[in-house]
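Note: the block below is coords-v6.cif and it holds mmCIF, C-alpha atoms.
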```cif
data_run
loop_
_atom_site.label_atom_id
_atom_site.label_comp_id
_atom_site.auth_asym_id
_atom_site.auth_seq_id
_atom_site.Cartn_x
_atom_site.Cartn_y
_atom_site.Cartn_z
CA MET A 1 0.00 0.00 0.00
CA VAL A 2 1.34 3.35 -0.95
CA THR A 3 1.13 5.77 1.87
CA GLY A 4 3.89 8.29 1.36
CA ARG A 5 3.74 11.60 -0.42
CA TYR A 6 6.72 13.55 -1.58
CA MET A 7 7.02 17.01 -0.15
CA PRO A 8 8.66 19.39 -2.59
CA THR A 9 11.85 20.87 -1.28
CA GLY A 10 12.66 23.21 -4.14
CA GLY A 11 13.14 26.90 -3.76
CA GLY A 12 10.46 29.49 -3.75
CA THR A 13 11.49 31.16 -6.99
CA ALA A 14 8.97 31.67 -9.75
CA PRO A 15 9.00 29.09 -12.56
CA GLN A 16 10.36 30.02 -15.96
CA PRO A 17 8.96 28.95 -19.35
CA ALA A 18 12.16 26.96 -19.95
CA ASP A 19 11.30 24.78 -16.95
CA LEU A 20 8.41 23.30 -18.89
CA GLU A 21 10.53 21.31 -21.31
CA ALA A 22 11.61 18.84 -18.62
CA PHE A 23 7.99 17.74 -18.36
CA ARG A 24 7.36 16.98 -22.02
CA THR A 25 8.41 13.31 -21.94
CA PRO A 26 6.78 12.57 -18.57
CA LEU A 27 3.56 14.13 -19.86
CA ARG A 28 3.64 12.00 -23.00
CA LEU A 29 4.26 8.83 -21.01
CA PHE A 30 1.57 9.72 -18.50
CA ALA A 31 -1.00 10.34 -21.22
CA ALA A 32 0.03 7.40 -23.40
CA ARG A 33 -0.43 4.99 -20.54
CA ARG A 34 -3.99 6.15 -20.12
CA LEU A 35 -5.08 6.90 -23.67
CA HIS A 36 -3.31 4.02 -25.43
CA SER A 37 -2.24 6.29 -28.23
CA TRP A 38 0.95 8.24 -28.81
CA THR A 39 -0.86 10.65 -31.07
CA ALA A 40 -3.36 11.48 -28.35
CA ALA A 41 -0.55 11.58 -25.79
CA GLU A 42 1.34 14.12 -27.86
CA ASP A 43 -1.78 16.28 -28.04
CA VAL A 44 -2.25 16.11 -24.28
CA ALA A 45 1.40 16.94 -23.63
CA GLN A 46 1.27 19.95 -25.97
CA GLU A 47 -1.93 21.22 -24.44
CA ALA A 48 -0.69 20.76 -20.87
CA LEU A 49 2.51 22.64 -21.70
CA ARG A 50 0.52 25.41 -23.33
CA VAL A 51 -1.69 25.73 -20.25
CA GLY A 52 1.43 25.67 -18.08
CA LEU A 53 3.07 28.42 -20.12
CA GLU A 54 -0.02 30.55 -19.86
CA ALA A 55 -0.14 30.00 -16.10
CA ILE A 56 3.52 30.98 -15.74
CA GLN A 57 3.11 34.08 -17.86
CA THR A 58 0.06 35.23 -15.94
CA GLY A 59 1.71 34.56 -12.58
CA ARG A 60 -0.73 31.84 -11.55
CA ILE A 61 2.13 29.57 -10.46
CA GLU A 62 4.14 31.38 -7.86
CA ARG A 63 6.80 28.79 -7.03
CA ALA A 64 8.90 26.59 -9.28
CA ASP A 65 8.29 23.55 -7.11
CA ALA A 66 4.56 23.86 -7.72
CA LEU A 67 4.92 23.56 -11.50
CA GLY A 68 5.01 19.73 -11.53
CA GLY A 69 1.85 19.45 -9.47
CA PHE A 70 0.11 21.97 -11.68
CA LEU A 71 1.04 20.08 -14.85
CA PHE A 72 0.05 16.76 -13.28
CA ARG A 73 -3.43 18.02 -12.42
CA THR A 74 -3.75 19.59 -15.86
CA ALA A 75 -2.79 16.32 -17.54
CA VAL A 76 -5.26 14.34 -15.43
CA HIS A 77 -8.00 16.77 -16.44
CA LEU A 78 -7.05 16.68 -20.12
CA CYS A 79 -6.97 12.87 -20.20
CA LEU A 80 -10.38 12.66 -18.56
CA HIS A 81 -11.78 15.24 -20.94
CA ARG A 82 -10.27 13.46 -23.91
CA GLY A 83 -11.77 10.16 -22.82
CA ARG A 84 -15.21 11.73 -22.62
CA SER A 85 -14.77 13.43 -25.99
CA ALA A 86 -13.68 10.17 -27.58
CA THR A 87 -16.81 8.49 -26.30
CA ARG A 88 -19.01 11.29 -27.65
CA GLU A 89 -17.21 11.18 -30.97
CA LYS A 90 -17.67 7.44 -31.20
CA ARG A 91 -21.38 7.73 -30.51
CA ALA A 92 -21.76 10.46 -33.12
CA LEU A 93 -19.99 8.32 -35.69
CA GLU A 94 -22.22 5.42 -34.85
CA ARG A 95 -25.29 7.58 -35.42
CA PHE A 96 -24.24 9.01 -38.75
CA ALA A 97 -21.89 6.50 -40.29
CA ALA A 98 -22.80 3.22 -41.88
CA PRO A 99 -22.74 0.38 -39.39
CA HIS A 100 -19.35 -1.21 -39.23
CA GLU A 101 -18.39 -4.45 -37.62
CA GLU A 102 -14.82 -3.62 -36.83
CA SER A 103 -12.51 -0.66 -37.01
CA GLN A 104 -8.82 -1.32 -37.13
CA ALA A 105 -6.94 0.66 -34.53
CA GLY A 106 -3.80 -1.36 -34.07
CA GLY A 107 -0.75 0.45 -35.39
CA ASP A 108 0.00 3.92 -34.19
CA PRO A 109 2.32 5.68 -36.61
CA LEU A 110 3.75 7.80 -33.81
CA ASP A 111 4.37 4.83 -31.56
CA ALA A 112 7.83 6.00 -30.63
CA LEU A 113 9.32 8.32 -28.08
CA LEU A 114 12.81 8.50 -29.55
CA SER A 115 13.94 9.20 -33.07
CA SER A 116 15.86 6.40 -34.75
CA GLU A 117 18.96 8.58 -34.50
CA GLN A 118 18.61 8.89 -30.73
CA GLN A 119 17.96 5.18 -30.41
CA ALA A 120 21.12 4.46 -32.36
CA ARG A 121 23.09 6.66 -29.95
CA VAL A 122 21.71 4.90 -26.91
CA ARG A 123 22.25 1.50 -28.52
CA GLU A 124 25.85 2.34 -29.25
CA ALA A 125 26.37 3.50 -25.67
CA LEU A 126 24.80 0.31 -24.36
CA GLY A 127 27.16 -1.66 -26.53
CA ARG A 128 30.12 0.03 -24.88
CA LEU A 129 29.07 -1.02 -21.40
CA GLU A 130 30.53 -4.11 -19.83
CA THR A 131 28.51 -7.25 -20.39
CA GLY A 132 27.37 -7.41 -16.78
CA GLU A 133 26.27 -3.78 -16.78
CA ARG A 134 24.36 -4.20 -20.01
CA GLU A 135 22.70 -7.37 -18.74
CA LEU A 136 21.61 -5.58 -15.60
CA LEU A 137 19.99 -2.77 -17.56
CA GLU A 138 18.30 -5.25 -19.90
CA LEU A 139 16.86 -7.17 -16.97
CA THR A 140 15.63 -3.92 -15.45
CA TYR A 141 14.24 -2.09 -18.44
CA ARG A 142 13.61 -4.73 -21.09
CA ASP A 143 12.29 -7.43 -18.75
CA GLY A 144 10.88 -5.09 -16.10
CA LEU A 145 12.35 -7.05 -13.20
CA SER A 146 12.74 -5.63 -9.70
CA ALA A 147 16.07 -5.53 -7.89
CA ASP A 148 14.87 -8.43 -5.74
CA ALA A 149 14.06 -10.57 -8.78
CA ILE A 150 17.33 -9.69 -10.49
CA GLY A 151 19.23 -10.45 -7.31
CA GLN A 152 17.70 -13.91 -7.13
CA ARG A 153 18.59 -14.53 -10.74
CA LEU A 154 22.16 -13.31 -10.44
CA GLY A 155 22.84 -14.54 -6.94
CA ALA A 156 23.31 -11.07 -5.52
CA THR A 157 21.56 -9.07 -2.83
CA PRO A 158 18.96 -6.50 -3.95
CA GLY A 159 21.17 -3.80 -2.49
CA ALA A 160 24.13 -4.93 -4.59
CA VAL A 161 21.89 -4.95 -7.66
CA ARG A 162 20.81 -1.37 -6.99
CA VAL A 163 24.36 -0.18 -6.53
CA ARG A 164 25.59 -1.94 -9.68
CA ARG A 165 22.63 -0.64 -11.66
CA HIS A 166 23.22 2.86 -10.40
CA ARG A 167 26.82 2.67 -11.57
CA ALA A 168 25.74 1.24 -14.93
CA LEU A 169 23.25 4.07 -15.43
CA ARG A 170 25.83 6.65 -14.47
CA ARG A 171 28.32 5.16 -16.91
CA LEU A 172 25.70 5.08 -19.63
CA ALA A 173 24.91 8.73 -19.00
CA GLN A 174 28.60 9.55 -19.27
CA LEU A 175 28.87 7.68 -22.56
CA LEU A 176 25.89 9.64 -23.85
CA GLY A 177 27.51 12.87 -22.76
CA VAL A 178 24.75 13.62 -20.26
CA THR A 179 25.65 15.59 -17.18
CA THR A 180 24.72 13.39 -14.27
CA ARG A 181 22.80 14.77 -11.36
CA PRO A 182 24.24 14.71 -7.88
CA VAL A 183 24.41 11.17 -6.58
CA ARG A 184 21.96 10.29 -3.86
CA GLU A 185 22.73 7.56 -1.43
CA PHE A 186 20.88 4.28 -1.61
CA ASN A 187 19.09 3.29 1.55
CA GLU A 188 18.78 -0.42 2.07
CA MET B 189 9.34 -1.31 2.82
CA SER B 190 8.43 -1.83 -0.83
CA ASP B 191 10.25 -0.14 -3.65
CA VAL B 192 7.24 2.04 -4.24
CA GLU B 193 7.14 3.18 -0.65
CA ARG B 194 10.89 3.70 -0.74
CA ASN B 195 10.48 5.73 -3.88
CA LEU B 196 7.78 7.91 -2.41
CA SER B 197 9.98 8.83 0.49
CA CYS B 198 12.61 10.47 -1.66
CA PRO B 199 15.50 10.98 -1.49
CA SER B 200 16.25 7.28 -1.19
CA GLY B 201 17.13 4.20 -3.18
CA GLY B 202 14.93 2.01 -5.30
CA ARG B 203 13.97 4.76 -7.71
CA ALA B 204 15.17 3.02 -10.84
CA ASP B 205 13.27 -0.05 -9.73
CA THR B 206 10.01 1.81 -9.42
CA ALA B 207 10.51 3.66 -12.68
CA ALA B 208 11.30 0.40 -14.49
CA LEU B 209 8.32 -1.40 -12.97
CA TYR B 210 6.09 1.56 -13.80
CA LEU B 211 7.22 1.63 -17.42
CA ALA B 212 6.82 -2.15 -17.71
CA GLY B 213 3.23 -1.90 -16.44
CA ARG B 214 4.04 -3.98 -13.38
CA LEU B 215 2.70 -1.60 -10.77
CA SER B 216 -0.90 -1.76 -9.68
CA ASP B 217 -3.11 1.09 -10.88
CA SER B 218 -3.01 2.78 -7.48
CA GLU B 219 0.78 2.42 -7.24
CA ALA B 220 1.25 3.71 -10.79
CA GLU B 221 -0.97 6.70 -10.16
CA ALA B 222 0.75 7.52 -6.88
CA PHE B 223 4.12 7.27 -8.58
CA GLU B 224 2.96 9.53 -11.42
CA GLU B 225 1.82 12.17 -8.98
CA HIS B 226 5.17 11.83 -7.28
CA PHE B 227 7.48 12.04 -10.27
CA PHE B 228 5.81 15.18 -11.54
CA SER B 229 7.12 16.82 -8.38
CA CYS B 230 10.46 15.00 -8.12
CA ALA B 231 13.11 15.85 -10.68
CA ASP B 232 15.19 12.76 -9.88
CA CYS B 233 12.38 10.31 -10.35
CA ARG B 234 11.23 12.17 -13.45
CA GLU B 235 14.69 11.71 -14.89
CA ASP B 236 14.59 8.00 -13.97
CA VAL B 237 11.33 7.65 -15.88
CA ARG B 238 12.60 9.55 -18.89
CA ARG B 239 15.83 7.58 -19.05
CA GLY B 240 14.04 4.29 -18.44
CA ALA B 241 11.65 4.97 -21.30
CA GLU B 242 14.61 5.75 -23.52
CA LEU B 243 16.30 2.48 -22.58
CA ARG B 244 13.16 0.45 -23.06
CA GLU B 245 12.73 1.76 -26.58
CA THR B 246 16.34 1.11 -27.39
CA LEU B 247 15.95 -2.45 -26.10
CA GLY B 248 13.00 -3.02 -28.40
CA LYS B 249 10.19 -2.41 -25.92
CA PRO B 250 7.52 0.30 -26.08
CA ALA B 251 8.57 3.30 -24.00
CA ILE B 252 5.75 2.49 -21.61
CA ALA B 253 3.36 -0.42 -21.43
CA PHE B 254 -0.11 0.97 -21.85
CA ALA B 255 -2.45 0.20 -19.02
CA ALA B 256 -4.59 -2.61 -20.45
CA SER B 257 -7.33 -0.07 -20.03
CA GLU B 258 -7.96 2.73 -17.58
CA ARG B 259 -9.52 0.01 -15.57
CA ARG B 260 -7.05 -2.80 -14.88
CA SER B 261 -3.77 -4.23 -16.06
CA ALA B 262 -4.31 -7.42 -18.02
CA ARG B 263 -0.68 -8.38 -17.74
CA ARG B 264 -0.99 -8.97 -14.02
CA TRP B 265 -3.35 -11.81 -14.85
CA PHE B 266 -1.40 -13.18 -17.73
CA PRO B 267 0.52 -15.93 -15.87
CA LEU B 268 -2.78 -17.29 -14.56
CA VAL B 269 -4.34 -17.22 -17.99
CA ALA B 270 -1.30 -18.83 -19.56
CA ALA B 271 -1.29 -21.55 -16.90
CA ALA B 272 -4.96 -22.18 -17.55
CA ALA B 273 -4.24 -22.42 -21.27
CA ILE B 274 -1.55 -25.02 -20.68
CA ALA B 275 -3.86 -27.03 -18.43
CA PHE B 276 -6.55 -26.84 -21.05
CA VAL B 277 -4.20 -28.17 -23.69
CA GLY B 278 -3.23 -31.01 -21.40
CA ILE B 279 -6.79 -32.11 -20.94
CA GLY B 280 -7.06 -32.43 -24.70
CA LEU B 281 -10.52 -31.06 -25.22
CA TRP B 282 -11.94 -30.83 -28.65
CA HIS B 283 -10.09 -27.64 -29.39
CA LEU B 284 -7.04 -29.74 -30.04
CA ALA B 285 -8.67 -31.08 -33.15
CA HIS B 286 -8.69 -27.57 -34.51
CA ARG B 287 -5.94 -25.06 -35.00
CA THR B 288 -6.38 -23.27 -31.69
CA GLU B 289 -6.19 -24.07 -28.04
CA ASN B 290 -7.78 -21.77 -25.55
CA ALA B 291 -8.39 -21.21 -21.89
CA GLN B 292 -11.06 -20.06 -19.53
CA THR B 293 -12.35 -16.59 -18.88
CA ILE B 294 -11.26 -14.74 -15.80
CA SER B 295 -13.74 -12.98 -13.57
CA ARG B 296 -12.79 -9.87 -11.61
CA GLY B 297 -14.16 -8.14 -8.64
CA GLY B 298 -16.22 -5.05 -9.24
CA VAL B 299 -16.76 -5.59 -12.94
CA GLY B 300 -18.69 -8.49 -14.40
CA SER B 301 -17.11 -11.15 -16.51
CA ILE B 302 -18.05 -11.82 -20.09
CA ALA B 303 -19.66 -15.22 -20.47
CA GLY B 304 -19.15 -17.61 -23.33
CA LEU B 305 -15.87 -16.16 -24.49
CA ALA B 306 -14.50 -18.63 -27.03
CA VAL B 307 -12.04 -18.86 -29.86
CA SER B 308 -12.55 -20.89 -32.99
CA PRO B 309 -10.45 -21.27 -36.13
CA ARG B 310 -11.55 -19.67 -39.37
CA SER B 311 -11.56 -21.66 -42.54
CA GLY B 312 -9.35 -19.16 -44.31
CA GLY B 313 -6.88 -18.93 -41.43
CA GLY B 314 -6.86 -16.83 -38.33
CA ILE B 315 -9.41 -17.09 -35.57
CA GLU B 316 -12.80 -15.80 -34.61
CA VAL B 317 -13.46 -14.65 -31.06
CA THR B 318 -17.05 -14.76 -29.86
CA TRP B 319 -18.81 -14.05 -26.58
CA GLU B 320 -22.22 -13.51 -25.09
CA ALA B 321 -23.33 -9.90 -24.99
CA PRO B 322 -23.51 -8.81 -21.36
CA ARG B 323 -26.37 -6.66 -20.16
CA GLY B 324 -25.88 -2.99 -20.87
CA ALA B 325 -23.02 -3.47 -23.33
CA ALA B 326 -23.10 -1.12 -26.31
CA SER B 327 -19.68 -1.81 -27.77
CA TYR B 328 -16.57 -3.88 -27.21
CA GLU B 329 -12.87 -3.19 -27.16
CA ILE B 330 -10.74 -6.17 -28.11
CA GLN B 331 -7.02 -6.28 -27.50
CA ILE B 332 -4.45 -9.01 -28.09
CA PHE B 333 -1.26 -9.17 -26.05
CA SER B 334 1.82 -11.22 -26.79
CA PRO B 335 3.28 -13.48 -24.07
CA ASP B 336 5.65 -10.69 -23.04
CA GLY B 337 2.82 -8.20 -22.63
CA ARG B 338 3.15 -6.23 -25.87
CA ARG B 339 -0.11 -5.22 -27.42
CA LEU B 340 -0.33 -6.80 -30.86
CA TRP B 341 -3.71 -5.55 -31.93
CA LYS B 342 -6.68 -3.53 -30.86
CA THR B 343 -10.07 -3.09 -32.40
CA GLU B 344 -13.54 -1.99 -31.48
CA THR B 345 -16.82 -3.49 -32.54
CA ARG B 346 -20.47 -3.34 -31.70
CA GLU B 347 -20.99 -7.03 -32.41
CA PRO B 348 -20.08 -9.76 -29.90
CA ARG B 349 -17.45 -11.23 -32.18
CA ALA B 350 -14.18 -10.28 -33.80
CA ARG B 351 -12.11 -11.80 -36.55
CA VAL B 352 -8.37 -11.95 -36.10
CA GLU B 353 -6.08 -12.39 -39.06
CA PRO B 354 -3.32 -15.00 -38.65
CA ALA B 355 -0.57 -12.44 -39.22
CA ILE B 356 -1.58 -10.63 -36.03
CA LEU B 357 -0.97 -13.57 -33.72
CA SER B 358 2.37 -14.65 -32.30
CA PRO B 359 4.21 -17.51 -33.99
CA PRO B 360 2.84 -21.02 -33.39
CA GLY B 361 3.45 -22.28 -29.89
CA ALA B 362 3.27 -18.87 -28.19
CA ALA B 363 0.19 -18.20 -26.06
CA ASP B 364 -1.30 -14.79 -26.80
CA GLU B 365 -3.85 -13.23 -24.51
CA ILE B 366 -7.10 -11.87 -25.85
CA ARG B 367 -8.89 -9.33 -23.71
CA VAL B 368 -12.42 -8.12 -24.34
CA ASP B 369 -13.83 -5.09 -22.52
CA ALA B 370 -17.58 -4.57 -22.81
CA LEU B 371 -18.45 -0.86 -22.66
CA ASP B 372 -21.79 0.77 -22.03
CA ALA B 373 -23.11 3.74 -24.00
CA THR B 374 -21.04 6.14 -21.92
CA GLY B 375 -17.80 4.24 -22.44
CA GLN B 376 -17.67 2.69 -18.99
CA VAL B 377 -16.59 -0.93 -18.67
CA VAL B 378 -19.41 -3.23 -17.67
CA ALA B 379 -17.69 -6.58 -18.12
CA ILE B 380 -14.30 -8.03 -18.93
CA GLY B 381 -13.25 -11.31 -20.45
CA GLU B 382 -9.86 -12.82 -21.12
CA ILE B 383 -8.82 -15.89 -22.99
CA ALA B 384 -5.49 -17.30 -24.05
CA VAL B 385 -4.96 -18.61 -27.52
CA LYS B 386 -2.10 -20.61 -28.92
CA THR B 387 -1.85 -21.55 -32.58
CA LYS B 388 -0.31 -24.83 -33.60
#
```

Would you mind writing the file's structure down as structure tokens?
Amino acid sequence: MVTGRYMPTGGGTAPQPADLEAFRTPLRLFAARRLHSWTAAEDVAQEALRVGLEAIQTGRIERADALGGFLFRTAVHLCLHRGRSATREKRALERFAAPHEESQAGGDPLDALLSSEQQARVREALGRLETGERELLELTYRDGLSADAIGQRLGATPGAVRVRRHRALRRLAQLLGVTTRPVREFNE
Amino acid sequence: MSDVERNLSCPSGGRADTAALYLAGRLSDSEAEAFEEHFFSCADCREDVRRGAELRETLGKPAIAFAASERRSARRWFPLVAAAAIAFVGIGLWHLAHRTENAQTISRGGVGSIAGLAVSPRSGGGIEVTWEAPRGAASYEIQIFSPDGRRLWKTETREPRARVEPAILSPPGAADEIRVDALDATGQVVAIGEIAVKTK
């Protein structure tokens, strides 16, 4: 059962429009998970960012650490609204269009977060990791295994898995030329 | 303390775990939603999610596993469905004489289960999925998931049946999961049915 809530610790400075960009991918993922469509997710992300920009420019968000919460609530609202609109649209189509037995909705042409160029960069960086590091990241992100499950598979403690994975991620970030954030300690 | 709880008490360890489980669709709905609310306010966790999505795509997975619906995650039930499919094959019911082998439907608390969900082979290849129309159902959403949880296909229909072309299904021997959500006129789920199918 989840009981905790994160308390923002950021400063009290006003958010800047440039702060919005860090939320674009999280917004797309958030919306895609709910709406099952990357096209719709892109629309929600764009709209949420637009609303966020407007709120920043009109001074409705006073503190930078409140921006995430504002965008989260906006995205929840937009996804709910979109779901209702989709239902209305479907009903309207059913009223006016010829009856159809099935409508294909399988492939989504925008079913990708990264460009092929970016993927190639990440793939190349993964290839430069040590075999054990790469395996650890594959088990985590490709297979979706927890540190406990990986530990059982590799004969290591969950804590050791977390530390090794942290190092692997840091090394990957270095290979990609990403400036790593300050390291936080792992609590066992 | 679970990884999710650990994650929600940032700064602490376990973040990459939670982000990876979230992206893989392995958190419960309530855990996923709590984590979403959290990472919008936590730059570190947000970065974990972004980087995890990037890695998943590079490793050939979708950036994030869609929730099977806004309602429930089908993948959490998949091992049970797959096990039922294997048991069904072992019993050797009449399905074995055809090209498909299937399993039983799964009922869930809160939402009714779809009765009569069945799979039969089509003469021209592929399969036909049929079910009994539950009360109040106005339309149906049908999704097919591969054994590793990837969505292979999705369609909507107003009839209690759907045809699936053979090219959509996994290679012979792999047990795909078919999920049918019955929706009322407002788009709310009134019943759910799941069945596993394995082509020979």

I'd like to know which of A:Arg171, A:Arg153, A:Arg128, A:Arg73 is closest to B:His226, using all atoms listed in the file.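 Of A:Arg171, A:Arg153, A:Arg128, A:Arg73, the one nearest B:His226 is A:Arg73, counting all atoms listed in the file.
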
In Å, rounded to a single decimal, give me how far atom CA of B:Gln331 is from atom CA of B:Phe254.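 Between atom CA of B:Phe254 and atom CA of B:Gln331 the gap works out to 11.5 Å.
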
Given the file shown, determine the residues that the PyMOL selection byres ((chain B and resi 323) around 9) selects; report them as number ranges by chain. B: 321-322, 324-326, 372, 378-379

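For the pair atom CA of A:Leu20 and atom CA of A:Ala64, the interatomic distance is 10.2 Å.
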
Find, counting all atoms listed in the file, the residue in A:Pro15, A:Arg134, A:Glu21, A:Val51 that gets nearest to A:Leu172.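 Looking at the shortest contact to A:Leu172, the residue is A:Arg134.
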
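The point (-1.4, 19.3, -19.6) has these residues within 7 Å of it, counting all atoms listed in the file: Val44, Ala45, Gln46, Glu47, Ala48, Leu49, Val51, Leu71, Phe72, Thr74, Ala75 and Leu78 of chain A.
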
Can you turn the PyMOL selection byres ((chain A and resi 144) around 12) into a concrete residue list for this file, as a PyMOL selection string? (chain A and resi 136-143+145-150) or (chain B and resi 204-215+240-241+243-244+247+249-253+336-337)

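As for atom CA of B:Thr318 and atom CA of A:Leu35, they are spaced 25.5 Å apart.
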
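Using only C-alpha atoms, the protein and nucleic acid residues lying no more than 10 Å from A:Ala22, apart from those fewer than 6 places from it along its own chain, are Gly68 of chain A; Phe228, Ala231, Arg234, Glu235 and Arg238 of chain B.
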
Taking the point (31.3, 10.8, -26.8) as given in the file, collect each protein or nucleic acid residue that comes within 12 Å of it, counting only C-alpha atoms, and present the set as a PyMOL selection string. chain A and resi 121-122+124-125+128+171-178

Requested write-out: C-alpha atoms of the selected residues, as a JSON list (two decimals), keeping the file's coordinate frame:
```json
[["chain", "number", "residue", "atom", "x", "y", "z"],
["A", 121, "ARG", "CA", 23.09, 6.66, -29.95],
["A", 122, "VAL", "CA", 21.71, 4.90, -26.91],
["A", 124, "GLU", "CA", 25.85, 2.34, -29.25],
["A", 125, "ALA", "CA", 26.37, 3.50, -25.67],
["A", 128, "ARG", "CA", 30.12, 0.03, -24.88],
["A", 171, "ARG", "CA", 28.32, 5.16, -16.91],
["A", 172, "LEU", "CA", 25.70, 5.08, -19.63],
["A", 173, "ALA", "CA", 24.91, 8.73, -19.00],
["A", 174, "GLN", "CA", 28.60, 9.55, -19.27],
["A", 175, "LEU", "CA", 28.87, 7.68, -22.56],
["A", 176, "LEU", "CA", 25.89, 9.64, -23.85],
["A", 177, "GLY", "CA", 27.51, 12.87, -22.76],
["A", 178, "VAL", "CA", 24.75, 13.62, -20.26]]
```
